[in-house]
Amino acid sequence: MCVLAPRLLLLTLLVATRSSVAVITPQTRPRALPSSQIQELSGAESHWETLPSLPLGPRQEDSVAALGTDVYILAGITSAAPNATAYPSLHLVQAYCTKSRAWRRVADVPMPLNHAHLAAAGAGKLYILGSLTGDGPFTPTGVGYVYDAGADAWTRLSGGDLPTGLERGAGAVGVWRDRFIMVAGGMVYNNPFTGIQNTVADVSVFDTQMGVWLPRGDWPALPDGGRDHAGGAVVGDTMYVVGGRRNGGINVKGDVFALDLGASPQARRWVAKAGMLTPRGGLMAAAVDGKIYTFGGEGLETQGAGPSGVFDDVEVYDTETDSWEKLPAWPAPRHGTGAAVVAGKIYMPGGANMTGPGATSVVDAFSP
């Protein structure tokens, strides 16, 4: 519900299974995209809009989700000195009313989090299904919470904790049929001081109506050792995991994996689709009208990032044609936040404008 005043929150989704094995057949291996399948758009039909900044300070490694006409930004970490010895996780949640263009603060998360799996499902509910926590190194928690927008209150989600051994954060998230929250991949350790990161391939699915995690054996693990900091989206009955990285910030990946959620458990397998034009981790992704839009990310200059270690690339994947389009560069490129869609417009609050810590208060929106 839109109300005048500052406020923000986050969104994430997917499902994990360590015991399952994904199958990729030779014909579905990642492939270079033929030049005939690449288009560079003029941007004449799309545009950027700068919105009111985060009123309570910079944030990154937060989570973002949309509920009705509000965009929420949740938790994360704030800016810190270059020689900082701690990066405290935050409780803070804010919401942006897209109608009044105003921020308001909402109820804090009960515990400080970063890289949380946040998603909206059902009527007026936001779900947190696992995250990282701590001041660095960041370690996983499987804790689940649900937010009731009408009551402006968080409660512990009965049955919502990730199963023992599957606790993680930074996974790709998607929502299927407004009921099932998917969490694919993620990480179980992130040391911002040494750069050591541990990626997992698990896929986990939570049924918000029944309040249970679906059997892990029904959902194959991600291929190639998994991904973290990847883009996630459900289009129709297919979950997509786009880009990301594996076991370290510089190990960026351009693979696109797709899973038919409607297939029988025995038939489900991840299939490799046309790879990204620019491999990136820490990117933002959102689906609009059957296309997955990807923004920013972090990596090395030798991988195509700018001098700050941040990509300004905006690329669009068409799920119908299995092809990519390149759009004009992002004017205010960032990594380490999320994207949420309201009325076809993609909102991205906060994030970092340099590799690693570099939180900002910038908020912008992209209209395809």
# chains A, B, ... in the order shown; residues from 1 in each chain; ligands from 1

$ residues_around --residues "stretch 335-340 of chain A" --least-positions-apart "6" --cutoff "7 Å" --atoms "only C-alpha atoms" --output "list in words"
Gln60, Glu61, Asp62, Ser63, Val64, Ala65, Ala66, Val71, Gly282, Leu283, Met284, Ala285, Ala286, Gly296, Gly297, Glu298, Val310, Ile346, Tyr347, Met348, Pro349, Gly350, Gly351, Ala352 and Asn353 of chain A

$ closest_atom_pairs --of "stretch 151-178 of chain A" --to "stretch 225-234 of chain A" --cutoff "10 Å" --atoms "only C-alpha atoms" --output "CSV"
residue,atom,partner,partner_atom,distance
A:Arg168,CA,A:Asp228,CA,10.0
A:Gly169,CA,A:Asp228,CA,8.3
A:Ala170,CA,A:His229,CA,5.5
A:Gly171,CA,A:Asp228,CA,5.4
A:Ala172,CA,A:Gly232,CA,4.5
A:Val173,CA,A:Gly232,CA,5.0
A:Gly174,CA,A:Ala233,CA,4.8
A:Val175,CA,A:Val234,CA,6.1
A:Trp176,CA,A:Val234,CA,6.2
A:Arg177,CA,A:Val234,CA,9.1

$ write_last_selection --atoms "C-alpha atoms" --output "PDB file, in the first residue's frame"
ATOM      1  CA  ARG A 168      22.822 -20.236   2.147  1.00  0.00           C
ATOM      2  CA  GLY A 169      22.475 -16.740   0.694  1.00  0.00           C
ATOM      3  CA  ALA A 170      23.131 -15.014  -2.650  1.00  0.00           C
ATOM      4  CA  GLY A 171      21.099 -17.535  -4.653  1.00  0.00           C
ATOM      5  CA  ALA A 172      19.040 -16.786  -7.766  1.00  0.00           C
ATOM      6  CA  VAL A 173      15.371 -16.303  -6.939  1.00  0.00           C
ATOM      7  CA  GLY A 174      12.157 -16.754  -8.872  1.00  0.00           C
ATOM      8  CA  VAL A 175       8.455 -17.113  -8.147  1.00  0.00           C
ATOM      9  CA  TRP A 176       6.326 -19.681  -9.948  1.00  0.00           C
ATOM     10  CA  ARG A 177       2.535 -19.402 -10.178  1.00  0.00           C
TER      11      ARG A 177
END

$ atom_distance --atom1 "atom CA of A:Phe366" --atom2 "atom CA of A:His47"
5.9 Å

$ select_by_dssp --residues "stretch 158-307 of chain A" --states "strand (DSSP E)" --output "number ranges by chain"
A: 172-176, 180-190, 197-207, 212-213, 231-235, 238-242, 256-260, 270-273, 284-288, 291-295

$ closest_residue --among "A:Met187, A:Val109, A:Leu277, A:Cys2" --to "A:Glu325" --atoms "only C-alpha atoms"
A:Leu277

$ closest_residue --among "A:Asp178, A:Asp135, A:Asp70, A:Asp364" --to "A:Arg334" --atoms "only C-alpha atoms"
A:Asp364

$ residues_around --residues "A:Asp255" --least-positions-apart "3" --cutoff "12 Å" --atoms "only C-alpha atoms" --output "tab-separated table (two decimals) with N, CA and C atoms, in the first residue's frame"
chain	number	residue	atom	x	y	z
A	28	THR	N	22.97	-29.20	-25.61
A	28	THR	CA	22.53	-28.10	-24.78
A	28	THR	C	23.68	-27.41	-24.09
A	29	ARG	N	24.90	-27.70	-24.47
A	29	ARG	CA	26.05	-27.06	-23.83
A	29	ARG	C	26.06	-25.57	-24.18
A	30	PRO	N	26.62	-24.71	-23.28
A	30	PRO	CA	26.68	-23.28	-23.58
A	30	PRO	C	27.35	-23.06	-24.92
A	31	ARG	N	26.82	-22.11	-25.68
A	31	ARG	CA	27.38	-21.88	-27.00
A	31	ARG	C	27.50	-20.40	-27.27
A	32	ALA	N	28.42	-20.07	-28.17
A	32	ALA	CA	28.54	-18.69	-28.60
A	32	ALA	C	27.31	-18.33	-29.43
A	33	LEU	N	26.85	-17.12	-29.29
A	33	LEU	CA	25.64	-16.71	-30.00
A	33	LEU	C	26.01	-16.25	-31.40
A	222	LEU	N	22.03	-27.17	-9.88
A	222	LEU	CA	22.58	-26.42	-11.01
A	222	LEU	C	23.80	-27.12	-11.58
A	223	PRO	N	24.02	-27.02	-12.87
A	223	PRO	CA	25.22	-27.60	-13.48
A	223	PRO	C	26.49	-26.84	-13.11
A	224	ASP	N	27.63	-27.40	-13.48
A	224	ASP	CA	28.93	-26.72	-13.44
A	224	ASP	C	29.29	-26.19	-12.06
A	226	GLY	N	27.42	-25.00	-9.75
A	226	GLY	CA	26.53	-24.00	-9.18
A	226	GLY	C	26.91	-22.57	-9.53
A	227	ARG	N	26.13	-21.64	-9.02
A	227	ARG	CA	26.33	-20.21	-9.23
A	227	ARG	C	25.90	-19.45	-7.98
A	230	ALA	N	23.92	-14.64	-9.28
A	230	ALA	CA	23.36	-14.75	-10.63
A	230	ALA	C	22.00	-14.07	-10.68
A	231	GLY	N	21.53	-13.80	-11.89
A	231	GLY	CA	20.17	-13.32	-12.07
A	231	GLY	C	19.20	-14.48	-12.09
A	240	TYR	N	14.86	-19.48	-15.01
A	240	TYR	CA	16.11	-19.14	-15.67
A	240	TYR	C	17.13	-18.65	-14.64
A	241	VAL	N	18.35	-19.13	-14.76
A	241	VAL	CA	19.48	-18.63	-13.98
A	241	VAL	C	20.48	-18.06	-14.97
A	242	VAL	N	20.80	-16.77	-14.80
A	242	VAL	CA	21.56	-16.03	-15.81
A	242	VAL	C	22.86	-15.51	-15.21
A	243	GLY	N	24.00	-15.87	-15.83
A	243	GLY	CA	25.29	-15.35	-15.41
A	243	GLY	C	25.65	-15.75	-14.00
A	244	GLY	N	26.27	-14.82	-13.27
A	244	GLY	CA	26.71	-15.09	-11.91
A	244	GLY	C	28.18	-15.44	-11.87
A	245	ARG	N	28.57	-16.10	-10.79
A	245	ARG	CA	29.97	-16.49	-10.63
A	245	ARG	C	30.07	-17.75	-9.79
A	246	ARG	N	31.30	-18.26	-9.69
A	246	ARG	CA	31.51	-19.49	-8.94
A	246	ARG	C	32.81	-19.40	-8.18
A	252	VAL	N	33.62	-14.86	-13.17
A	252	VAL	CA	32.30	-14.56	-13.71
A	252	VAL	C	31.92	-15.55	-14.80
A	258	ALA	N	18.17	-23.14	-17.94
A	258	ALA	CA	16.71	-23.11	-17.86
A	258	ALA	C	16.19	-24.45	-17.36
A	270	TRP	N	18.31	-29.20	-16.08
A	270	TRP	CA	18.74	-27.87	-16.51
A	270	TRP	C	19.28	-27.96	-17.93
A	271	VAL	N	18.83	-27.05	-18.77
A	271	VAL	CA	19.25	-26.99	-20.17
A	271	VAL	C	19.99	-25.68	-20.41
A	272	ALA	N	21.13	-25.75	-21.06
A	272	ALA	CA	21.90	-24.55	-21.37
A	272	ALA	C	21.29	-23.82	-22.56
A	273	LYS	N	21.12	-22.52	-22.41
A	273	LYS	CA	20.58	-21.67	-23.47
A	273	LYS	C	21.70	-20.79	-24.03
A	274	ALA	N	21.34	-19.90	-24.95
A	274	ALA	CA	22.33	-18.99	-25.53
A	274	ALA	C	23.00	-18.18	-24.42
A	275	GLY	N	24.33	-18.18	-24.41
A	275	GLY	CA	25.06	-17.50	-23.34
A	275	GLY	C	25.00	-15.99	-23.44
A	276	MET	N	25.26	-15.33	-22.31
A	276	MET	CA	25.27	-13.87	-22.26
A	276	MET	C	26.31	-13.30	-23.22
A	277	LEU	N	26.04	-12.11	-23.73
A	277	LEU	CA	27.02	-11.42	-24.56
A	277	LEU	C	28.21	-10.99	-23.71
A	278	THR	N	27.93	-10.59	-22.47
A	278	THR	CA	28.97	-10.14	-21.54
A	278	THR	C	28.81	-10.89	-20.22
A	279	PRO	N	29.62	-11.91	-19.97
A	279	PRO	CA	29.52	-12.63	-18.69
A	279	PRO	C	29.74	-11.69	-17.51
A	280	ARG	N	28.88	-11.84	-16.49
A	280	ARG	CA	28.95	-10.95	-15.33
A	280	ARG	C	28.41	-11.64	-14.09
A	281	GLY	N	28.95	-11.28	-12.93
A	281	GLY	CA	28.39	-11.67	-11.66
A	281	GLY	C	27.94	-10.43	-10.92
A	317	TYR	N	17.60	-10.83	-22.82
A	317	TYR	CA	17.44	-12.19	-23.33
A	317	TYR	C	15.98	-12.44	-23.66

$ residues_around --residues "A:Arg59" --least-positions-apart "6" --cutoff "12 Å" --atoms "only C-alpha atoms" --output "PyMOL selection string"
chain A and resi 8-10+53+73-80+87-94+114-115+334-338+348-353+357-363

$ residues_around --residues "A:Gly124" --least-positions-apart "5" --cutoff "12 Å" --atoms "only C-alpha atoms" --output "list in words"
Met1, Ala65, Ala66, Leu67, Gly68, Thr69, Asp70, Ala119, Val146, Tyr147, Asp148, Ala149, Gly150, Ala151, Asp152, Ala153 and Asp178 of chain A

$ atom_distance --atom1 "atom CA of A:Gly211" --atom2 "atom CA of A:Ser158"
6.9 Å

$ atom_distance --atom1 "atom CA of A:Gly186" --atom2 "atom CA of A:Ala201"
7.0 Å

$ residues_around --residues "stretch 263-268 of chain A" --least-positions-apart "4" --cutoff "10 Å" --atoms "only C-alpha atoms" --output "MDAnalysis selection string"
chainID A and resid 22:23 215 217:220 237:238 259
